[in-house]
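Have a look at protein.csv; it's CSV, C-alpha atoms and all ligand atoms:
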```csv
chain,number,residue,atom,x,y,z
G,1,VAL,CA,34.5,1.6,-19.7
G,2,GLU,CA,35.4,3.8,-16.9
G,3,LYS,CA,35.0,2.5,-13.3
G,4,HIS,CA,32.4,4.7,-11.6
G,5,THR,CA,31.0,5.0,-8.1
G,6,GLU,CA,28.6,2.1,-8.6
G,7,TYR,CA,31.5,-0.2,-9.5
G,8,TYR,CA,33.4,0.8,-6.3
G,9,GLU,CA,30.4,0.4,-4.1
G,10,VAL,CA,29.9,-3.2,-5.4
G,11,MET,CA,33.7,-3.8,-5.2
G,12,GLU,CA,33.9,-2.7,-1.6
G,13,ALA,CA,30.9,-4.7,-0.6
G,14,LEU,CA,32.5,-7.8,-2.2
G,15,ARG,CA,35.7,-7.2,-0.4
G,16,ASP,CA,34.5,-6.2,3.1
G,17,SER,CA,31.0,-7.6,3.6
G,18,LYS,CA,30.7,-10.5,6.0
G,19,SER,CA,27.8,-11.9,4.0
G,20,CYS,CA,26.5,-11.5,0.4
G,21,ALA,CA,27.6,-8.2,-1.1
G,22,ILE,CA,24.3,-7.4,-2.7
G,23,CYS,CA,22.4,-8.2,0.5
G,24,GLY,CA,24.8,-5.9,2.3
G,25,ILE,CA,24.3,-3.0,-0.1
G,26,LEU,CA,20.5,-3.4,0.0
G,27,GLU,CA,20.5,-3.4,3.8
G,28,GLY,CA,22.7,-0.3,4.0
G,29,ASN,CA,20.5,1.5,1.4
G,30,SER,CA,17.3,0.6,3.2
G,31,LYS,CA,18.6,1.8,6.6
G,32,ARG,CA,19.7,5.1,5.2
G,33,HIS,CA,16.4,5.4,3.2
G,34,LEU,CA,14.3,4.7,6.3
G,35,GLU,CA,16.4,7.1,8.4
G,36,GLY,CA,15.9,9.8,5.8
G,37,LEU,CA,12.2,9.1,5.8
G,38,MET,CA,12.0,9.6,9.5
G,39,TYR,CA,13.9,12.8,9.5
G,40,GLU,CA,12.7,14.6,6.4
G,41,SER,CA,9.6,13.0,4.9
G,42,VAL,CA,7.1,12.1,7.6
G,43,ASN,CA,5.0,15.1,6.7
G,44,ASP,CA,5.3,14.7,3.0
G,45,PRO,CA,1.9,13.6,1.5
G,46,THR,CA,3.7,11.8,-1.4
G,47,VAL,CA,5.4,9.6,1.2
G,48,ARG,CA,2.3,9.1,3.4
G,49,ALA,CA,-0.2,8.3,0.7
G,50,PRO,CA,1.4,5.1,-0.5
G,51,LEU,CA,1.8,4.0,3.1
G,52,VAL,CA,-1.9,4.4,3.6
G,53,LYS,CA,-2.5,2.1,0.6
G,54,SER,CA,0.0,-0.5,1.8
G,55,HIS,CA,-1.2,-0.3,5.5
G,56,GLY,CA,2.4,0.6,6.5
G,57,PHE,CA,5.5,-1.5,5.9
G,58,CYS,CA,5.9,-5.3,5.6
G,59,ARG,CA,7.2,-7.2,8.6
G,60,LYS,CA,10.9,-7.0,7.7
G,61,HIS,CA,10.9,-3.3,7.0
G,62,THR,CA,8.7,-2.5,10.1
G,63,LEU,CA,11.4,-4.3,12.3
G,64,ARG,CA,14.1,-2.3,10.5
G,65,LEU,CA,12.2,0.9,11.0
G,66,LEU,CA,11.9,0.3,14.7
G,67,ASP,CA,15.7,-0.2,14.7
G,68,CYS,CA,16.2,3.2,13.1
G,69,GLY,CA,14.1,4.5,16.0
G,70,ASP,CA,12.6,7.9,15.7
G,71,PRO,CA,9.7,8.2,18.1
G,72,LEU,CA,8.4,11.5,16.7
G,73,GLY,CA,8.5,10.4,13.1
G,74,LEU,CA,6.8,7.1,14.0
G,75,ALA,CA,4.1,8.9,16.0
G,76,ILE,CA,3.3,11.2,13.0
G,77,LEU,CA,3.3,8.4,10.5
G,78,TYR,CA,1.2,5.9,12.5
G,79,GLN,CA,-1.6,8.4,13.1
G,80,ASP,CA,-2.5,7.7,9.5
G,81,GLN,CA,-2.5,3.9,10.1
G,82,LEU,CA,-4.7,4.0,13.2
G,83,SER,CA,-7.2,6.3,11.4
G,84,CYS,CA,-7.3,3.8,8.5
G,85,LEU,CA,-7.9,1.0,11.0
G,86,LYS,CA,-10.8,2.9,12.5
G,87,ARG,CA,-12.4,3.4,9.1
G,88,GLU,CA,-12.0,-0.3,8.4
G,89,LEU,CA,-13.7,-1.1,11.8
G,90,ASP,CA,-16.5,1.3,11.1
G,91,ALA,CA,-17.2,-0.4,7.8
G,92,LEU,CA,-17.0,-3.8,9.3
G,93,GLU,CA,-19.4,-2.8,12.1
G,94,ARG,CA,-22.0,-1.9,9.5
G,95,ARG,CA,-21.8,-5.2,7.6
G,96,PRO,CA,-23.9,-8.1,8.7
G,97,SER,CA,-21.9,-10.8,10.4
G,98,VAL,CA,-20.8,-13.7,8.4
G,99,ALA,CA,-23.0,-16.1,10.4
G,100,THR,CA,-26.1,-14.0,9.8
G,101,ARG,CA,-25.4,-13.6,6.2
G,102,ALA,CA,-24.6,-17.3,5.8
G,103,LEU,CA,-27.9,-18.2,7.3
G,104,GLU,CA,-29.7,-15.7,5.0
G,105,ALA,CA,-27.9,-17.0,1.9
G,106,LEU,CA,-27.6,-20.6,2.9
G,107,GLY,CA,-24.3,-21.6,1.6
G,108,ALA,CA,-23.6,-18.4,-0.3
G,109,GLY,CA,-21.9,-16.9,2.9
G,110,ARG,CA,-18.3,-15.7,2.3
G,111,ALA,CA,-15.3,-16.0,4.5
G,112,PRO,CA,-14.5,-12.9,6.6
G,113,ARG,CA,-12.7,-10.2,4.6
G,114,GLU,CA,-9.1,-9.5,5.6
G,115,TRP,CA,-7.7,-6.0,5.7
G,116,LYS,CA,-6.6,-5.8,2.1
G,117,ARG,CA,-3.5,-3.9,1.1
G,118,GLU,CA,-4.1,-1.8,-2.1
G,119,ASP,CA,-0.4,-1.6,-2.7
G,120,GLU,CA,2.7,-3.5,-1.5
G,121,CYS,CA,5.3,-2.2,1.0
G,122,PRO,CA,6.9,0.9,-0.5
G,123,GLU,CA,10.3,-0.1,0.9
G,124,CYS,CA,10.1,-3.5,-0.7
G,125,LYS,CA,9.5,-1.7,-4.0
G,126,ALA,CA,12.5,0.5,-3.5
G,127,GLU,CA,14.7,-2.4,-2.5
G,128,ARG,CA,13.8,-4.3,-5.7
G,129,GLU,CA,15.0,-1.3,-7.8
G,130,TRP,CA,18.3,-1.1,-5.9
G,131,GLU,CA,18.7,-4.9,-6.3
G,132,ALA,CA,18.2,-4.8,-10.1
G,133,ARG,CA,20.6,-1.9,-10.4
G,134,ASN,CA,23.4,-3.4,-8.4
G,135,VAL,CA,23.0,-6.9,-9.9
G,136,SER,CA,23.4,-5.4,-13.4
G,137,VAL,CA,26.5,-3.4,-12.4
G,138,LEU,CA,28.0,-6.5,-10.9
G,139,ALA,CA,27.1,-8.7,-13.9
G,140,GLY,CA,28.7,-6.0,-16.2
G,141,TRP,CA,32.0,-6.2,-14.4
G,142,ILE,CA,32.4,-9.9,-14.1
G,143,GLY,CA,35.8,-10.8,-15.5
G,144,ASP,CA,37.5,-7.6,-14.2
G,145,PRO,CA,40.6,-9.0,-12.4
G,146,GLU,CA,40.2,-6.7,-9.3
G,147,LEU,CA,36.5,-7.7,-8.9
G,148,MET,CA,37.1,-11.4,-9.5
G,149,GLY,CA,39.9,-11.3,-6.9
G,150,ALA,CA,37.4,-9.8,-4.4
G,151,ILE,CA,34.8,-12.5,-5.2
G,152,GLU,CA,37.4,-15.2,-4.7
G,153,LYS,CA,38.8,-13.9,-1.4
G,154,GLY,CA,35.4,-12.8,0.0
G,155,VAL,CA,32.3,-14.8,1.1
G,156,GLY,CA,30.7,-14.4,-2.3
G,157,LEU,CA,27.0,-14.0,-3.1
G,158,CYS,CA,23.9,-15.7,-1.5
G,159,ALA,CA,22.0,-18.2,-3.7
G,160,GLN,CA,19.4,-15.7,-4.8
G,161,HIS,CA,21.9,-13.0,-5.9
G,162,LEU,CA,24.3,-15.5,-7.5
G,163,LEU,CA,21.4,-16.8,-9.7
G,164,MET,CA,20.2,-13.3,-10.5
G,165,THR,CA,23.7,-12.1,-11.4
G,166,ALA,CA,24.5,-15.3,-13.4
G,167,GLN,CA,21.3,-14.6,-15.4
G,168,ALA,CA,22.2,-11.0,-16.0
G,169,CYS,CA,25.7,-11.8,-17.4
G,170,GLN,CA,26.0,-10.6,-21.0
G,171,SER,CA,28.2,-13.5,-22.2
G,172,GLN,CA,28.4,-17.2,-21.4
G,173,GLU,CA,32.1,-16.8,-20.7
G,174,LYS,CA,31.4,-14.2,-17.9
G,175,ARG,CA,28.6,-16.4,-16.5
G,176,LYS,CA,31.1,-19.4,-16.4
G,177,MET,CA,33.6,-17.3,-14.5
G,178,LEU,CA,31.1,-16.2,-11.9
G,179,ILE,CA,29.7,-19.8,-11.5
G,180,GLU,CA,33.2,-21.4,-11.3
G,181,ALA,CA,34.3,-18.9,-8.5
G,182,HIS,CA,31.2,-19.9,-6.5
G,183,ARG,CA,31.3,-23.6,-7.2
G,184,ALA,CA,34.7,-23.6,-5.5
G,185,LYS,CA,33.2,-21.9,-2.4
G,186,ILE,CA,30.2,-24.2,-2.3
G,187,ASP,CA,32.5,-27.3,-2.5
G,188,ALA,CA,34.7,-25.9,0.3
G,189,LEU,CA,31.6,-25.2,2.4
G,190,LEU,CA,30.3,-28.8,1.8
G,191,SER,CA,33.6,-30.2,3.0
G,192,GLU,CA,33.4,-28.1,6.2
G,193,LEU,CA,29.9,-29.2,6.8
G,194,ALA,CA,30.9,-32.9,6.4
G,195,GLU,CA,33.8,-32.2,8.9
G,196,PHE,CA,31.5,-30.6,11.3
G,197,VAL,CA,29.0,-33.5,11.2
G,198,ARG,CA,31.8,-36.0,11.5
G,199,LYS,CA,33.4,-34.3,14.6
G,200,SER,CA,29.9,-33.8,16.2
G,201,GLU,CA,29.1,-37.5,15.8
G,202,TYR,CA,32.4,-38.7,17.3
G,203,ARG,CA,32.5,-36.1,20.1
G,204,ALA,CA,33.7,-38.8,22.5
G,205,LEU,CA,37.1,-38.6,20.7
G,206,ALA,CA,37.4,-35.0,21.9
G,207,GLU,CA,38.6,-33.7,18.6
G,208,SER,CA,38.2,-29.9,18.8
G,209,PHE,CA,36.4,-27.9,16.1
G,210,GLY,CA,38.4,-25.9,13.6
G,211,LYS,CA,37.2,-23.3,11.1
G,212,GLU,CA,34.2,-25.6,10.3
G,213,SER,CA,32.7,-24.7,13.7
G,214,ASP,CA,30.3,-22.1,12.2
G,215,SER,CA,29.9,-23.7,8.7
G,216,TRP,CA,26.3,-24.6,9.5
G,217,MET,CA,25.5,-20.9,9.9
G,218,ARG,CA,27.3,-19.9,6.7
G,219,ALA,CA,25.3,-22.6,4.9
G,220,VAL,CA,22.0,-21.2,6.2
G,221,LYS,CA,23.0,-17.7,5.1
G,222,GLU,CA,24.1,-18.8,1.7
G,223,ILE,CA,20.6,-20.2,1.0
G,224,ALA,CA,18.5,-17.6,2.7
G,225,SER,CA,18.9,-14.0,1.5
G,226,LEU,CA,18.9,-12.1,4.7
G,227,ALA,CA,18.9,-8.6,3.3
N,1,ZN,ZN,22.3,-11.7,-1.4
N,2,ZN,ZN,9.0,-4.3,2.8
```
Turn the structure described in the file into structure tokens.
Amino acid sequence: VEKHTEYYEVMEALRDSKSCAICGILEGNSKRHLEGLMYESVNDPTVRAPLVKSHGFCRKHTLRLLDCGDPLGLAILYQDQLSCLKRELDALERRPSVATRALEALGAGRAPREWKREDECPECKAEREWEARNVSVLAGWIGDPELMGAIEKGVGLCAQHLLMTAQACQSQEKRKMLIEAHRAKIDALLSELAEFVRKSEYRALAESFGKESDSWMRAVKEIASLA
């Protein structure tokens, strides 16, 4: 099979990324996607309609959107959201209060309704598609010497993307190669954590920290997908 653009994208991320390669690709894609949305699509009804249903973006993507910072784009986009909120408030105002209704129905009163999303965050949906695509490209190339070299030298995958990729491997042999490469990394990290704990507990001996000094941070990042 010929190595195409997708292969090189995964390959470069494995080689250069300071954290999980798949997380890195997703974050890059999402930033470009949100920037594109800000510059080209804020007036596009096919972009705005799903955002009305989802009441904007999830917390993660809202924070990322604020980072991409386009005041005009955000001003246009969030007129929709404030209009939606006003309609919700209008409807709420017309409904009898929970207390009144509870008294009327004696026990049949319902808990206050939250602002229901009719659809999930559109950026989360897009990210899941990029994730599936990149995981399948990576799984397909496990065993390729160049790619395995990049995995061995680099930081490797976070727990979530390691498990996803291992499950997507087409043969047990490939799965074993991927797992073995990461088992070595996990063992090395465990040794560094033990060393960090040991030196911290015997700080009186004034032994200075080595490469294990940030091992706790790498352990946290391994377990939590931060993309
Ligand atoms: Zn990841
Ligand atoms: Zn989201």
**Request:** Would you mind listing what lies within 9 Å of segment 125-137 of chain G as a list in words, with all atoms listed in the file counted and same-chain residues fewer than 6 positions away left out?
**Result:** Glu6, Tyr7, Val10, Ile22, Cys23, Ile25, Leu26, Glu27, Asn29, Ser30, His161, Met164, Thr165, Ala168 and Cys169 of chain G
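Taking all atoms listed in the file into account, the residues that come within 8 Å of ligand ZN 1 (chain N) are Ser19, Cys20, Ala21, Ile22, Cys23, Gly24, Leu157, Cys158, Ala159, Gln160, His161, Leu162, Glu222, Ser225, Leu226 and Ala227 of chain G.
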**Prompt:** Got a sec: who's within 12 Å of segment 42-46 of chain G, counting all atoms listed in the file, leaving out chain neighbours fewer than 2 positions off, as an MDAnalysis selection string?
**Reply:** chainID G and resid 34:40 48:53 70:80 122
For the interface of chain G with ligand ZN 2 (chain N) (cut-off 7 Å, counting only C-alpha atoms and all ligand atoms), please tabulate each contacting residue of chain G alongside its nearest pair of atoms and their separation in Å to one decimal, rows sorted by chain and increasing number, as a Markdown table.
```
| residue | atom | partner | partner_atom | distance |
| --- | --- | --- | --- | --- |
| G:Phe57 | CA | N:ZN2 | ZN | 5.4 |
| G:Cys58 | CA | N:ZN2 | ZN | 4.3 |
| G:Arg59 | CA | N:ZN2 | ZN | 6.7 |
| G:Lys60 | CA | N:ZN2 | ZN | 5.9 |
| G:His61 | CA | N:ZN2 | ZN | 4.7 |
| G:Cys121 | CA | N:ZN2 | ZN | 4.6 |
| G:Pro122 | CA | N:ZN2 | ZN | 6.5 |
| G:Glu123 | CA | N:ZN2 | ZN | 4.8 |
| G:Cys124 | CA | N:ZN2 | ZN | 3.8 |
```
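In terms of minimum interatomic distance to Val197 of chain G, G:Ser215 ranks closest within G:Ser215, G:Ile142, G:Glu152, G:Ala181, counting all atoms listed in the file.
Between Arg218 of chain G and the residues G:Leu14, G:Leu193, G:Ala166, G:Leu82, the shortest atom-to-atom distance, using all atoms listed in the file, involves G:Leu193.
For the atom pair formed by atom CA of Leu138 of chain G and atom CA of Ile151 of chain G, the distance is 10.7 Å, given to one decimal.
Here atom CA of Thr5 of chain G and atom CA of Leu65 of chain G stand 27.1 Å from one another.
Our summary of the geometry notes that atom CA of Glu120 of chain G is positioned 23.5 Å from atom CA of Asp90 of chain G.
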**Message:** Give me, as a PyMOL selection string, all polymer residues having an atom no more than 9 Å from Arg15 of chain G, counting all atoms listed in the file and skipping those fewer than 6 positions away in the same chain.
**Reply:** chain G and resi 21+147+149-151+153-156
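Distances here use all atoms listed in the file; by that measure, the residue among G:Ala139, G:Ala91, G:Leu189, G:Met11 closest to Ser213 of chain G is G:Leu189.
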**Prompt:** Which neighbours of Ser191 of chain G fall inside 9 Å, counting only C-alpha atoms, when residues of the same chain fewer than 5 positions from it are skipped, and could you give them as a ChimeraX atom specification?
**Reply:** /G:186,196,212
**From G:Ala194, G:Leu163, G:Arg94, G:Lys211, residue lying nearest His182 of chain G [only C-alpha atoms]** = G:Leu163
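Considering only C-alpha atoms, the residue among G:Glu118, G:Glu173, G:Glu180, G:Glu195 positioned nearest to Gly210 of chain G is G:Glu195.
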Mind completing segment 174-185 of chain G with all heavy atoms? Output as a PDB file, keeping the file's coordinate frame, please?
```pdb
ATOM      1  N   LYS G 174      31.462 -14.917 -19.190  1.00  0.00           N
ATOM      2  CA  LYS G 174      31.400 -14.200 -17.900  1.00  0.00           C
ATOM      3  C   LYS G 174      30.581 -15.061 -16.897  1.00  0.00           C
ATOM      4  O   LYS G 174      30.941 -15.184 -15.726  1.00  0.00           O
ATOM      5  CB  LYS G 174      30.703 -12.868 -18.059  1.00  0.00           C
ATOM      6  CG  LYS G 174      31.605 -11.823 -18.679  1.00  0.00           C
ATOM      7  CD  LYS G 174      30.923 -10.474 -18.636  1.00  0.00           C
ATOM      8  CE  LYS G 174      31.858  -9.377 -19.105  1.00  0.00           C
ATOM      9  NZ  LYS G 174      31.314  -8.041 -18.833  1.00  0.00           N
ATOM     10  N   ARG G 175      29.465 -15.639 -17.394  1.00  0.00           N
ATOM     11  CA  ARG G 175      28.600 -16.400 -16.500  1.00  0.00           C
ATOM     12  C   ARG G 175      29.425 -17.616 -15.958  1.00  0.00           C
ATOM     13  O   ARG G 175      29.344 -17.933 -14.787  1.00  0.00           O
ATOM     14  CB  ARG G 175      27.410 -16.949 -17.307  1.00  0.00           C
ATOM     15  CG  ARG G 175      26.446 -17.768 -16.470  1.00  0.00           C
ATOM     16  CD  ARG G 175      25.254 -18.215 -17.265  1.00  0.00           C
ATOM     17  NE  ARG G 175      24.417 -17.092 -17.666  1.00  0.00           N
ATOM     18  CZ  ARG G 175      23.352 -17.216 -18.456  1.00  0.00           C
ATOM     19  NH1 ARG G 175      23.032 -18.398 -18.932  1.00  0.00           N
ATOM     20  NH2 ARG G 175      22.636 -16.176 -18.776  1.00  0.00           N
ATOM     21  N   LYS G 176      30.236 -18.235 -16.833  1.00  0.00           N
ATOM     22  CA  LYS G 176      31.100 -19.400 -16.400  1.00  0.00           C
ATOM     23  C   LYS G 176      32.058 -18.960 -15.339  1.00  0.00           C
ATOM     24  O   LYS G 176      32.238 -19.671 -14.354  1.00  0.00           O
ATOM     25  CB  LYS G 176      31.791 -19.914 -17.656  1.00  0.00           C
ATOM     26  CG  LYS G 176      32.352 -21.302 -17.516  1.00  0.00           C
ATOM     27  CD  LYS G 176      32.811 -21.794 -18.893  1.00  0.00           C
ATOM     28  CE  LYS G 176      33.935 -22.799 -18.843  1.00  0.00           C
ATOM     29  NZ  LYS G 176      33.738 -23.966 -18.033  1.00  0.00           N
ATOM     30  N   MET G 177      32.678 -17.782 -15.505  1.00  0.00           N
ATOM     31  CA  MET G 177      33.600 -17.300 -14.500  1.00  0.00           C
ATOM     32  C   MET G 177      33.003 -17.113 -13.144  1.00  0.00           C
ATOM     33  O   MET G 177      33.546 -17.491 -12.110  1.00  0.00           O
ATOM     34  CB  MET G 177      34.255 -15.967 -14.965  1.00  0.00           C
ATOM     35  CG  MET G 177      35.183 -16.078 -16.153  1.00  0.00           C
ATOM     36  SD  MET G 177      35.747 -14.440 -16.669  1.00  0.00           S
ATOM     37  CE  MET G 177      37.135 -14.227 -15.581  1.00  0.00           C
ATOM     38  N   LEU G 178      31.807 -16.499 -13.161  1.00  0.00           N
ATOM     39  CA  LEU G 178      31.100 -16.200 -11.900  1.00  0.00           C
ATOM     40  C   LEU G 178      30.712 -17.550 -11.233  1.00  0.00           C
ATOM     41  O   LEU G 178      30.899 -17.736 -10.021  1.00  0.00           O
ATOM     42  CB  LEU G 178      29.823 -15.412 -12.196  1.00  0.00           C
ATOM     43  CG  LEU G 178      28.906 -15.160 -11.007  1.00  0.00           C
ATOM     44  CD1 LEU G 178      29.543 -14.186 -10.025  1.00  0.00           C
ATOM     45  CD2 LEU G 178      27.550 -14.632 -11.457  1.00  0.00           C
ATOM     46  N   ILE G 179      30.196 -18.498 -12.030  1.00  0.00           N
ATOM     47  CA  ILE G 179      29.700 -19.800 -11.500  1.00  0.00           C
ATOM     48  C   ILE G 179      30.927 -20.582 -10.951  1.00  0.00           C
ATOM     49  O   ILE G 179      30.873 -21.137  -9.854  1.00  0.00           O
ATOM     50  CB  ILE G 179      28.927 -20.571 -12.532  1.00  0.00           C
ATOM     51  CG1 ILE G 179      27.583 -19.864 -12.749  1.00  0.00           C
ATOM     52  CG2 ILE G 179      28.718 -22.020 -12.092  1.00  0.00           C
ATOM     53  CD1 ILE G 179      26.719 -20.454 -13.844  1.00  0.00           C
ATOM     54  N   GLU G 180      32.032 -20.615 -11.710  1.00  0.00           N
ATOM     55  CA  GLU G 180      33.200 -21.400 -11.300  1.00  0.00           C
ATOM     56  C   GLU G 180      33.726 -20.860  -9.925  1.00  0.00           C
ATOM     57  O   GLU G 180      34.079 -21.645  -9.041  1.00  0.00           O
ATOM     58  CB  GLU G 180      34.316 -21.328 -12.327  1.00  0.00           C
ATOM     59  CG  GLU G 180      34.052 -22.223 -13.548  1.00  0.00           C
ATOM     60  CD  GLU G 180      33.639 -23.644 -13.182  1.00  0.00           C
ATOM     61  OE1 GLU G 180      34.295 -24.253 -12.324  1.00  0.00           O
ATOM     62  OE2 GLU G 180      32.624 -24.125 -13.740  1.00  0.00           O
ATOM     63  N   ALA G 181      33.774 -19.529  -9.786  1.00  0.00           N
ATOM     64  CA  ALA G 181      34.300 -18.900  -8.500  1.00  0.00           C
ATOM     65  C   ALA G 181      33.388 -19.370  -7.362  1.00  0.00           C
ATOM     66  O   ALA G 181      33.886 -19.621  -6.259  1.00  0.00           O
ATOM     67  CB  ALA G 181      34.299 -17.414  -8.645  1.00  0.00           C
ATOM     68  N   HIS G 182      32.094 -19.467  -7.604  1.00  0.00           N
ATOM     69  CA  HIS G 182      31.200 -19.900  -6.500  1.00  0.00           C
ATOM     70  C   HIS G 182      31.130 -21.361  -6.308  1.00  0.00           C
ATOM     71  O   HIS G 182      30.917 -21.817  -5.197  1.00  0.00           O
ATOM     72  CB  HIS G 182      29.791 -19.271  -6.758  1.00  0.00           C
ATOM     73  CG  HIS G 182      29.714 -17.822  -6.377  1.00  0.00           C
ATOM     74  ND1 HIS G 182      30.113 -16.820  -7.221  1.00  0.00           N
ATOM     75  CD2 HIS G 182      29.339 -17.226  -5.222  1.00  0.00           C
ATOM     76  CE1 HIS G 182      29.964 -15.659  -6.605  1.00  0.00           C
ATOM     77  NE2 HIS G 182      29.486 -15.868  -5.393  1.00  0.00           N
ATOM     78  N   ARG G 183      31.327 -22.131  -7.384  1.00  0.00           N
ATOM     79  CA  ARG G 183      31.300 -23.600  -7.200  1.00  0.00           C
ATOM     80  C   ARG G 183      32.452 -23.986  -6.251  1.00  0.00           C
ATOM     81  O   ARG G 183      32.260 -24.838  -5.393  1.00  0.00           O
ATOM     82  CB  ARG G 183      31.575 -24.265  -8.593  1.00  0.00           C
ATOM     83  CG  ARG G 183      30.980 -25.672  -8.658  1.00  0.00           C
ATOM     84  CD  ARG G 183      31.435 -26.414  -9.890  1.00  0.00           C
ATOM     85  NE  ARG G 183      30.988 -25.821 -11.148  1.00  0.00           N
ATOM     86  CZ  ARG G 183      29.789 -26.020 -11.685  1.00  0.00           C
ATOM     87  NH1 ARG G 183      28.930 -26.785 -11.073  1.00  0.00           N
ATOM     88  NH2 ARG G 183      29.462 -25.464 -12.829  1.00  0.00           N
ATOM     89  N   ALA G 184      33.601 -23.335  -6.372  1.00  0.00           N
ATOM     90  CA  ALA G 184      34.700 -23.600  -5.500  1.00  0.00           C
ATOM     91  C   ALA G 184      34.325 -23.335  -4.023  1.00  0.00           C
ATOM     92  O   ALA G 184      34.652 -24.099  -3.112  1.00  0.00           O
ATOM     93  CB  ALA G 184      35.933 -22.802  -5.871  1.00  0.00           C
ATOM     94  N   LYS G 185      33.601 -22.220  -3.808  1.00  0.00           N
ATOM     95  CA  LYS G 185      33.200 -21.900  -2.400  1.00  0.00           C
ATOM     96  C   LYS G 185      32.166 -22.884  -1.902  1.00  0.00           C
ATOM     97  O   LYS G 185      32.221 -23.254  -0.723  1.00  0.00           O
ATOM     98  CB  LYS G 185      32.501 -20.489  -2.443  1.00  0.00           C
ATOM     99  CG  LYS G 185      33.471 -19.350  -2.643  1.00  0.00           C
ATOM    100  CD  LYS G 185      32.722 -18.045  -2.563  1.00  0.00           C
ATOM    101  CE  LYS G 185      33.570 -16.919  -3.093  1.00  0.00           C
ATOM    102  NZ  LYS G 185      34.848 -16.810  -2.362  1.00  0.00           N
TER     103      LYS G 185
END
```
